[in-house]
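Heads up, my_file.cif below (mmCIF, C-alpha atoms):
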data_entry
loop_
_atom_site.label_atom_id
_atom_site.label_comp_id
_atom_site.auth_asym_id
_atom_site.auth_seq_id
_atom_site.Cartn_x
_atom_site.Cartn_y
_atom_site.Cartn_z
CA GLU R 1 -94.32 68.63 -28.21
CA PRO R 2 -91.08 69.56 -30.00
CA GLU R 3 -87.89 68.40 -28.33
CA VAL R 4 -84.14 68.45 -28.76
CA THR R 5 -82.71 65.14 -29.89
CA GLN R 6 -79.14 63.89 -29.69
CA THR R 7 -77.25 61.04 -31.28
CA PRO R 8 -75.67 58.76 -30.39
CA SER R 9 -76.92 58.14 -26.88
CA HIS R 10 -73.65 56.41 -26.02
CA GLN R 11 -70.23 56.63 -27.65
CA VAL R 12 -67.11 54.72 -26.72
CA THR R 13 -63.86 55.80 -28.32
CA GLN R 14 -60.14 55.37 -27.97
CA MET R 15 -58.00 58.20 -26.68
CA GLY R 16 -56.76 60.34 -29.55
CA GLN R 17 -59.68 59.56 -31.82
CA GLU R 18 -62.06 62.16 -33.19
CA VAL R 19 -65.71 62.10 -32.21
CA ILE R 20 -68.69 64.02 -33.51
CA LEU R 21 -71.73 64.42 -31.33
CA ARG R 22 -74.92 65.36 -33.10
CA CYS R 23 -77.91 67.36 -32.03
CA VAL R 24 -81.16 68.34 -33.71
CA PRO R 25 -82.43 71.48 -31.98
CA ILE R 26 -86.07 72.51 -31.87
CA SER R 27 -86.91 73.69 -35.37
CA ASN R 28 -87.66 77.39 -34.86
CA HIS R 29 -84.89 77.95 -32.34
CA LEU R 30 -82.02 80.28 -33.16
CA TYR R 31 -79.60 79.83 -30.25
CA PHE R 32 -77.71 76.61 -29.67
CA TYR R 33 -75.57 75.41 -26.80
CA TRP R 34 -73.37 72.59 -25.67
CA TYR R 35 -72.86 71.69 -22.01
CA ARG R 36 -71.08 68.79 -20.43
CA GLN R 37 -71.33 66.98 -17.13
CA ILE R 38 -68.51 64.84 -15.82
CA LEU R 39 -69.82 62.03 -13.65
CA GLY R 40 -70.75 63.33 -10.22
CA GLN R 41 -70.00 66.94 -11.09
CA LYS R 42 -71.92 70.04 -12.13
CA VAL R 43 -73.33 70.75 -15.55
CA GLU R 44 -70.78 73.01 -17.25
CA PHE R 45 -71.30 75.42 -20.15
CA LEU R 46 -69.09 74.80 -23.16
CA VAL R 47 -70.24 77.02 -26.00
CA SER R 48 -73.12 79.04 -27.39
CA PHE R 49 -73.80 79.50 -31.10
CA TYR R 50 -75.95 82.00 -32.92
CA ASN R 51 -76.17 83.19 -36.49
CA ASN R 52 -73.59 80.65 -37.61
CA GLU R 53 -70.91 81.72 -35.23
CA ILE R 54 -69.79 81.16 -31.68
CA SER R 55 -71.14 83.83 -29.37
CA GLU R 56 -69.40 82.65 -26.23
CA LYS R 57 -67.17 79.78 -25.16
CA SER R 58 -65.80 78.65 -21.86
CA GLU R 59 -62.19 77.92 -21.03
CA ILE R 60 -62.99 74.23 -21.40
CA PHE R 61 -63.75 74.79 -25.08
CA ASP R 62 -60.19 74.78 -26.34
CA ASP R 63 -58.78 74.15 -29.83
CA GLN R 64 -59.71 70.48 -29.61
CA PHE R 65 -63.38 71.40 -29.75
CA SER R 66 -65.38 72.82 -32.61
CA VAL R 67 -69.04 73.32 -33.40
CA GLU R 68 -70.87 73.48 -36.66
CA ARG R 69 -74.32 73.82 -38.05
CA PRO R 70 -73.77 71.95 -41.31
CA ASP R 71 -77.35 72.23 -42.51
CA GLY R 72 -80.63 73.69 -41.41
CA SER R 73 -81.32 71.12 -38.77
CA ASN R 74 -78.19 69.65 -37.23
CA PHE R 75 -75.79 71.14 -34.70
CA THR R 76 -72.61 69.22 -34.04
CA LEU R 77 -69.81 69.17 -31.50
CA LYS R 78 -66.50 67.75 -32.67
CA ILE R 79 -63.67 66.73 -30.40
CA ARG R 80 -60.59 66.31 -32.57
CA SER R 81 -58.34 64.21 -30.38
CA THR R 82 -60.15 62.86 -27.37
CA LYS R 83 -58.54 62.65 -23.95
CA LEU R 84 -59.52 60.51 -21.00
CA GLU R 85 -60.84 63.59 -19.21
CA ASP R 86 -63.31 64.24 -22.04
CA SER R 87 -65.40 61.35 -20.73
CA ALA R 88 -68.69 62.94 -19.73
CA MET R 89 -72.33 63.44 -20.62
CA TYR R 90 -72.67 66.05 -23.34
CA PHE R 91 -75.92 67.97 -23.53
CA CYS R 92 -77.16 70.06 -26.40
CA ALA R 93 -79.70 72.81 -25.76
CA SER R 94 -81.55 75.31 -27.88
CA SER R 95 -83.65 78.40 -27.34
CA GLU R 96 -85.88 80.51 -29.52
CA LEU R 97 -84.36 83.72 -28.28
CA VAL R 98 -81.94 84.33 -25.43
CA GLY R 99 -84.46 82.84 -23.09
CA THR R 100 -85.59 79.45 -21.94
CA GLN R 101 -83.25 76.69 -23.04
CA TYR R 102 -84.50 73.21 -23.75
CA PHE R 103 -82.05 70.38 -23.33
CA GLY R 104 -81.61 67.13 -25.16
CA PRO R 105 -81.22 63.77 -23.43
CA GLY R 106 -77.44 63.81 -23.77
CA THR R 107 -74.67 61.68 -25.23
CA ARG R 108 -72.59 59.66 -22.83
CA LEU R 109 -68.99 59.73 -24.09
CA LEU R 110 -66.48 57.28 -22.72
CA VAL R 111 -62.84 57.68 -23.75
CA LEU R 112 -60.66 54.63 -23.15
CA ASP G 113 -74.53 86.44 -13.21
CA ALA G 114 -75.62 86.36 -9.57
CA LYS G 115 -74.63 83.43 -7.40
CA THR G 116 -77.33 81.28 -5.86
CA THR G 117 -77.37 79.22 -2.67
CA GLN G 118 -79.52 76.14 -2.24
CA PRO G 119 -79.70 73.43 0.42
CA THR G 120 -77.79 70.34 -0.60
CA SER G 121 -80.68 67.97 -0.06
CA MET G 122 -84.30 67.75 1.04
CA ASP G 123 -86.87 65.06 1.62
CA CYS G 124 -90.57 65.25 0.91
CA ALA G 125 -93.42 62.81 1.47
CA GLU G 126 -95.27 61.69 -1.62
CA GLY G 127 -98.43 63.70 -2.16
CA ARG G 128 -97.23 66.60 -0.05
CA ALA G 129 -95.98 69.93 -1.31
CA ALA G 130 -92.25 70.24 -1.87
CA ASN G 131 -90.89 73.70 -1.14
CA LEU G 132 -87.39 74.27 -2.46
CA PRO G 133 -85.69 77.50 -1.36
CA CYS G 134 -83.05 79.48 -3.18
CA ASN G 135 -81.09 82.46 -2.01
CA HIS G 136 -79.91 84.98 -4.60
CA SER G 137 -79.15 88.00 -2.46
CA THR G 138 -76.92 89.68 -5.08
CA ILE G 139 -79.49 89.52 -7.87
CA SER G 140 -79.78 92.65 -9.96
CA GLY G 141 -82.87 94.21 -11.46
CA ASN G 142 -82.48 92.73 -14.93
CA GLU G 143 -81.88 89.15 -13.84
CA TYR G 144 -84.39 86.35 -14.08
CA VAL G 145 -84.66 83.38 -11.75
CA TYR G 146 -84.81 80.06 -13.62
CA TRP G 147 -85.49 76.63 -12.22
CA TYR G 148 -84.42 73.42 -13.90
CA ARG G 149 -84.28 69.86 -12.68
CA GLN G 150 -82.23 66.84 -13.65
CA ILE G 151 -83.54 63.36 -13.16
CA HIS G 152 -80.75 60.83 -12.83
CA SER G 153 -78.26 62.20 -15.42
CA GLN G 154 -80.93 62.96 -17.99
CA GLY G 155 -80.82 66.34 -19.68
CA PRO G 156 -81.82 69.27 -17.47
CA GLN G 157 -85.52 69.94 -17.72
CA TYR G 158 -86.91 73.46 -17.65
CA ILE G 159 -89.49 74.02 -14.93
CA ILE G 160 -90.32 77.69 -14.59
CA HIS G 161 -88.82 81.16 -14.49
CA GLY G 162 -89.73 84.62 -13.22
CA LEU G 163 -88.52 88.17 -12.85
CA LYS G 164 -90.40 89.61 -9.90
CA ASN G 165 -93.98 88.38 -9.96
CA ASN G 166 -95.00 84.96 -8.74
CA GLU G 167 -95.45 82.48 -11.54
CA THR G 168 -97.37 79.24 -11.92
CA ASN G 169 -97.48 76.64 -14.65
CA GLU G 170 -98.56 73.04 -14.94
CA MET G 171 -95.41 71.82 -13.21
CA ALA G 172 -94.82 74.20 -10.35
CA SER G 173 -95.19 77.60 -8.74
CA LEU G 174 -92.41 80.11 -8.23
CA ILE G 175 -92.62 82.54 -5.34
CA ILE G 176 -90.15 85.42 -5.44
CA THR G 177 -89.80 87.65 -2.39
CA GLU G 178 -90.54 91.33 -2.78
CA ASP G 179 -86.87 92.27 -2.46
CA ARG G 180 -86.05 89.50 -4.99
CA LYS G 181 -83.25 88.18 -2.81
CA SER G 182 -84.76 84.74 -2.50
CA SER G 183 -87.32 82.48 -4.11
CA THR G 184 -89.12 79.22 -3.50
CA LEU G 185 -90.08 76.58 -6.02
CA ILE G 186 -93.23 74.75 -5.01
CA LEU G 187 -94.21 71.35 -6.36
CA PRO G 188 -97.78 71.19 -5.06
CA HIS G 189 -98.22 67.42 -4.91
CA ALA G 190 -94.87 65.70 -5.14
CA THR G 191 -94.69 62.26 -6.69
CA LEU G 192 -91.88 59.71 -6.72
CA ARG G 193 -91.07 60.85 -10.26
CA ASP G 194 -90.20 64.30 -8.90
CA THR G 195 -87.10 62.87 -7.23
CA ALA G 196 -84.32 64.83 -8.92
CA VAL G 197 -81.67 67.51 -8.53
CA TYR G 198 -83.27 70.96 -8.70
CA TYR G 199 -81.23 73.91 -9.89
CA CYS G 200 -81.97 77.56 -9.22
CA ILE G 201 -80.16 79.75 -11.77
CA VAL G 202 -80.06 83.49 -12.11
CA ARG G 203 -79.42 84.92 -15.53
CA ALA G 204 -79.42 88.37 -16.98
CA ARG G 205 -82.35 89.27 -19.17
CA SER G 206 -80.00 91.04 -21.54
CA SER G 207 -77.43 88.27 -21.70
CA ASN G 208 -76.19 88.10 -25.26
CA THR G 209 -75.24 84.47 -25.03
CA GLY G 210 -77.77 83.01 -22.63
CA LYS G 211 -75.37 80.59 -20.97
CA LEU G 212 -76.69 78.96 -17.83
CA ILE G 213 -74.39 78.53 -14.86
CA PHE G 214 -75.37 75.47 -12.87
CA GLY G 215 -74.52 75.04 -9.22
CA GLN G 216 -74.77 71.84 -7.22
CA GLY G 217 -78.53 72.20 -6.81
CA THR G 218 -80.82 70.59 -4.26
CA THR G 219 -81.30 66.85 -4.36
CA LEU G 220 -84.98 66.28 -3.63
CA GLN G 221 -85.90 62.80 -2.48
CA VAL G 222 -89.63 62.10 -2.56
CA LYS G 223 -90.47 59.24 -0.24
CA PRO G 224 -93.53 56.98 -0.27
#
Now, as a test, write the supplied structure out as structure tokens.
Amino acid sequence: EPEVTQTPSHQVTQMGQEVILRCVPISNHLYFYWYRQILGQKVEFLVSFYNNEISEKSEIFDDQFSVERPDGSNFTLKIRSTKLEDSAMYFCASSELVGTQYFGPGTRLLVL
Amino acid sequence: DAKTTQPTSMDCAEGRAANLPCNHSTISGNEYVYWYRQIHSQGPQYIIHGLKNNETNEMASLIITEDRKSSTLILPHATLRDTAVYYCIVRARSSNTGKLIFGQGTTLQVKP
């Protein structure tokens, strides 16, 4: 059964460093999403992406964040200058249409 | 998107049916009810969704009341592996971004 994959599973970085989180969505899906979950808190929407552009972003998704689909398979989330409060689980999701989203296993980001 | 209300936690005996309620009294006619679950900080897992008819798949059944103001997710024979946080989410059918808004969900503890 096709699934969303994410790499790395864990990432430790120093405050101020750039990180890139990678996702491989399900192959025939057209809509892509990033969510995050700070430890003990709710899953929060960050951004949705369709047709090579952002379709919606939350207030969390400020200028420090960017997304890209550099090729036909990967979907990335870049945080330019990480802050302590960026420590969280980051989940990628994809959907064929604006319908059921399937989530990846997540990347646990720890900013020191 | 309509707000949902779920109990904070529930227990269920292994092998018995788990019935998880959700109130969505402000739901509008074009909004679907989605259920996801999250097992111990893994990525949210899609379970089932419906508009107004009851739905069943290999994981669960979804019962939506006639007025659509509430629904119940039924896991017919709960196992220990069904211990998770269950999220009821309402989302517009015509949403152009598809973002999911997660609440706190119901923590289901399946006990031996």
Listing only residues of chain R within 7 Å of chain G, what is the closest atom pair and its distance in Å (to one decimal) for each, using only C-alpha atoms, sorted by chain and residue number ascending, as a tab-separated table?
residue	atom	partner	partner_atom	distance
R:Lys42	CA	G:Gln216	CA	6.0
R:Val43	CA	G:Phe214	CA	5.8
R:Glu44	CA	G:Phe214	CA	6.8
R:Phe45	CA	G:Lys211	CA	6.6
R:Ser48	CA	G:Thr209	CA	6.3
R:Ser55	CA	G:Thr209	CA	6.0
R:Glu56	CA	G:Thr209	CA	6.2
R:Phe91	CA	G:Gly155	CA	6.4
R:Val98	CA	G:Gly210	CA	5.2
R:Gly99	CA	G:Gly210	CA	6.7
R:Tyr102	CA	G:Tyr158	CA	6.6
R:Phe103	CA	G:Gly155	CA	5.6
R:Gly104	CA	G:Gly155	CA	5.6
R:Pro105	CA	G:Gly155	CA	4.6
R:Gly106	CA	G:Gly155	CA	5.9
Requested in this report: Quote the spacing between atom CA of R:Val4 and atom CA of R:Ile60 in Å to one decimal place.
Outcome: 23.1 Å
Requested in this report: Give me the result of the PyMOL selection byres ((chain R and resi 75-80) around 8) on this file, residue by residue, as a ChimeraX atom specification.
Outcome: /R:16-25,32,34,64-70,73-74,81-82
Go ahead and dump the residues you just picked, C-alpha atoms, as a PDB file, in the frame of the given file.
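Generated output (part_15.pdb):
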ATOM      1  CA  GLY R  16     -56.760  60.340 -29.550  1.00  0.00           C
ATOM      2  CA  GLN R  17     -59.680  59.560 -31.820  1.00  0.00           C
ATOM      3  CA  GLU R  18     -62.060  62.160 -33.190  1.00  0.00           C
ATOM      4  CA  VAL R  19     -65.710  62.100 -32.210  1.00  0.00           C
ATOM      5  CA  ILE R  20     -68.690  64.020 -33.510  1.00  0.00           C
ATOM      6  CA  LEU R  21     -71.730  64.420 -31.330  1.00  0.00           C
ATOM      7  CA  ARG R  22     -74.920  65.360 -33.100  1.00  0.00           C
ATOM      8  CA  CYS R  23     -77.910  67.360 -32.030  1.00  0.00           C
ATOM      9  CA  VAL R  24     -81.160  68.340 -33.710  1.00  0.00           C
ATOM     10  CA  PRO R  25     -82.430  71.480 -31.980  1.00  0.00           C
ATOM     11  CA  PHE R  32     -77.710  76.610 -29.670  1.00  0.00           C
ATOM     12  CA  TRP R  34     -73.370  72.590 -25.670  1.00  0.00           C
ATOM     13  CA  GLN R  64     -59.710  70.480 -29.610  1.00  0.00           C
ATOM     14  CA  PHE R  65     -63.380  71.400 -29.750  1.00  0.00           C
ATOM     15  CA  SER R  66     -65.380  72.820 -32.610  1.00  0.00           C
ATOM     16  CA  VAL R  67     -69.040  73.320 -33.400  1.00  0.00           C
ATOM     17  CA  GLU R  68     -70.870  73.480 -36.660  1.00  0.00           C
ATOM     18  CA  ARG R  69     -74.320  73.820 -38.050  1.00  0.00           C
ATOM     19  CA  PRO R  70     -73.770  71.950 -41.310  1.00  0.00           C
ATOM     20  CA  SER R  73     -81.320  71.120 -38.770  1.00  0.00           C
ATOM     21  CA  ASN R  74     -78.190  69.650 -37.230  1.00  0.00           C
ATOM     22  CA  SER R  81     -58.340  64.210 -30.380  1.00  0.00           C
ATOM     23  CA  THR R  82     -60.150  62.860 -27.370  1.00  0.00           C
TER      24      THR R  82
END
Query - Point-to-point distance from atom CA of R:Val111 to atom CA of G:His152, Å rounded to tenths - result: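 Answer for the atom CA of R:Val111 to atom CA of G:His152 separation: 21.2 Å.
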**Report entry** For atom CA of G:Leu174 and atom CA of R:Leu46, the interatomic separation in Å (one decimal)
**Finding:**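 About the pair atom CA of G:Leu174 and atom CA of R:Leu46: they are 28.2 Å apart.
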Query raised in the report: G:Leu163, G:Leu185, G:Met171, G:Ile151: which is nearest G:Ala130, counting all atoms listed in the file?
Result: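 Looking only at the distances to G:Ala130, the closest residue turns out to be G:Leu185.
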Requested in this report: Name the residues captured by the PyMOL selection byres ((chain R and resi 7-10) around 6) when it is applied to the shown file; answer as a ChimeraX atom specification.
Outcome: /R:6,11,22,107-108
Could the centre and edge lengths of an axis-aligned box, enclosing all atoms of stretch 3-20 of chain R in the file with 5 Å extra on each side, be given in Å to one decimal as JSON?
{"center_x": -72.3, "center_y": 61.6, "center_z": -29.8, "size_x": 41.1, "size_y": 23.7, "size_z": 17.5}
Report task. Using only C-alpha atoms, find the one residue out of G:Lys223, G:Val197, G:Ser173, G:Ser137 that sits nearest to G:Thr120. Result ->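 For G:Thr120, the nearest of the given residues is G:Val197.
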Requested in this report: Apply the PyMOL selection byres ((chain R and resi 110) around 6) to the structure shown and report the selected residues as a PyMOL selection string.
Outcome: chain R and resi 12+87+109+111
Is it possible to produce a file of stretch 38-68 of chain R from this structure, with N, CA, C and O atoms, as a compact mmCIF listing (two decimals), in the first residue's frame?
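Result file follows (decode_29.txt):
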# COMPACT_ATOMS: atom_id res chain seq x y z
N ILE R 38 3.89 20.35 18.57
CA ILE R 38 4.77 20.55 19.71
C ILE R 38 4.40 19.54 20.78
O ILE R 38 3.21 19.20 20.93
N LEU R 39 5.39 19.06 21.49
CA LEU R 39 5.17 18.00 22.47
C LEU R 39 4.02 18.33 23.41
O LEU R 39 4.01 19.39 24.05
N GLY R 40 3.04 17.43 23.46
CA GLY R 40 1.92 17.59 24.37
C GLY R 40 0.82 18.50 23.87
O GLY R 40 -0.16 18.73 24.57
N GLN R 41 0.99 19.03 22.65
CA GLN R 41 0.00 19.96 22.11
C GLN R 41 -0.70 19.37 20.88
O GLN R 41 -0.45 18.24 20.48
N LYS R 42 -1.60 20.17 20.32
CA LYS R 42 -2.39 19.71 19.18
C LYS R 42 -1.55 19.68 17.90
O LYS R 42 -0.53 20.36 17.78
N VAL R 43 -2.02 18.92 16.95
CA VAL R 43 -1.45 18.96 15.60
C VAL R 43 -1.92 20.26 14.96
O VAL R 43 -3.12 20.56 14.95
N GLU R 44 -0.96 21.03 14.42
CA GLU R 44 -1.28 22.34 13.86
C GLU R 44 -0.94 22.38 12.37
O GLU R 44 0.15 21.97 11.96
N PHE R 45 -1.83 22.94 11.59
CA PHE R 45 -1.60 23.13 10.16
C PHE R 45 -0.55 24.21 9.94
O PHE R 45 -0.58 25.26 10.59
N LEU R 46 0.37 23.96 9.02
CA LEU R 46 1.35 24.97 8.65
C LEU R 46 1.06 25.53 7.26
O LEU R 46 0.94 26.74 7.07
N VAL R 47 0.98 24.63 6.26
CA VAL R 47 0.92 25.11 4.89
C VAL R 47 0.34 24.02 4.00
O VAL R 47 0.49 22.83 4.26
N SER R 48 -0.36 24.46 2.95
CA SER R 48 -0.80 23.54 1.91
C SER R 48 -0.22 24.01 0.58
O SER R 48 0.02 25.21 0.37
N PHE R 49 -0.02 23.07 -0.33
CA PHE R 49 0.74 23.34 -1.56
C PHE R 49 0.09 22.57 -2.68
O PHE R 49 -0.17 21.38 -2.58
N TYR R 50 -0.20 23.28 -3.76
CA TYR R 50 -0.83 22.66 -4.92
C TYR R 50 -0.37 23.37 -6.17
O TYR R 50 -0.25 24.60 -6.19
N ASN R 51 -0.12 22.61 -7.21
CA ASN R 51 0.25 23.18 -8.49
C ASN R 51 1.46 24.11 -8.37
O ASN R 51 1.48 25.21 -8.94
N ASN R 52 2.40 23.67 -7.59
CA ASN R 52 3.67 24.38 -7.40
C ASN R 52 3.57 25.73 -6.72
O ASN R 52 4.44 26.59 -6.90
N GLU R 53 2.51 25.90 -5.96
CA GLU R 53 2.45 27.12 -5.17
C GLU R 53 1.68 26.89 -3.88
O GLU R 53 0.90 25.93 -3.77
N ILE R 54 1.94 27.77 -2.93
CA ILE R 54 1.24 27.68 -1.65
C ILE R 54 -0.20 28.09 -1.84
O ILE R 54 -0.50 29.13 -2.43
N SER R 55 -1.12 27.24 -1.38
CA SER R 55 -2.54 27.58 -1.47
C SER R 55 -3.07 28.18 -0.17
O SER R 55 -4.00 28.97 -0.19
N GLU R 56 -2.48 27.80 0.94
CA GLU R 56 -2.84 28.43 2.21
C GLU R 56 -1.71 28.23 3.21
O GLU R 56 -1.01 27.21 3.16
N LYS R 57 -1.52 29.20 4.07
CA LYS R 57 -0.54 29.05 5.15
C LYS R 57 -1.11 29.63 6.42
O LYS R 57 -1.93 30.53 6.40
N SER R 58 -0.64 29.08 7.53
CA SER R 58 -1.10 29.58 8.82
C SER R 58 -0.19 30.71 9.29
O SER R 58 0.86 30.97 8.69
N GLU R 59 -0.59 31.31 10.39
CA GLU R 59 0.23 32.41 10.93
C GLU R 59 1.56 31.92 11.48
O GLU R 59 2.49 32.68 11.65
N ILE R 60 1.63 30.61 11.73
CA ILE R 60 2.90 30.03 12.19
C ILE R 60 3.93 30.08 11.06
O ILE R 60 5.12 30.27 11.28
N PHE R 61 3.46 29.91 9.86
CA PHE R 61 4.32 29.80 8.67
C PHE R 61 4.79 31.18 8.27
O PHE R 61 4.26 31.81 7.34
N ASP R 62 5.80 31.69 9.00
CA ASP R 62 6.29 33.02 8.71
C ASP R 62 7.46 32.96 7.71
O ASP R 62 7.69 31.93 7.08
N ASP R 63 8.18 34.07 7.59
CA ASP R 63 9.24 34.16 6.58
C ASP R 63 10.40 33.20 6.82
O ASP R 63 11.24 33.03 5.93
N GLN R 64 10.46 32.61 7.99
CA GLN R 64 11.52 31.65 8.27
C GLN R 64 11.26 30.30 7.61
O GLN R 64 12.14 29.46 7.51
N PHE R 65 10.02 30.10 7.19
CA PHE R 65 9.63 28.82 6.61
C PHE R 65 9.49 28.95 5.09
O PHE R 65 9.05 29.99 4.59
N SER R 66 9.81 27.89 4.40
CA SER R 66 9.51 27.83 2.98
C SER R 66 9.29 26.38 2.59
O SER R 66 9.75 25.46 3.27
N VAL R 67 8.55 26.20 1.51
CA VAL R 67 8.31 24.85 1.00
C VAL R 67 8.66 24.82 -0.47
O VAL R 67 8.63 25.84 -1.17
N GLU R 68 8.99 23.62 -0.92
CA GLU R 68 9.41 23.47 -2.30
C GLU R 68 9.13 22.06 -2.76
O GLU R 68 9.16 21.12 -1.96
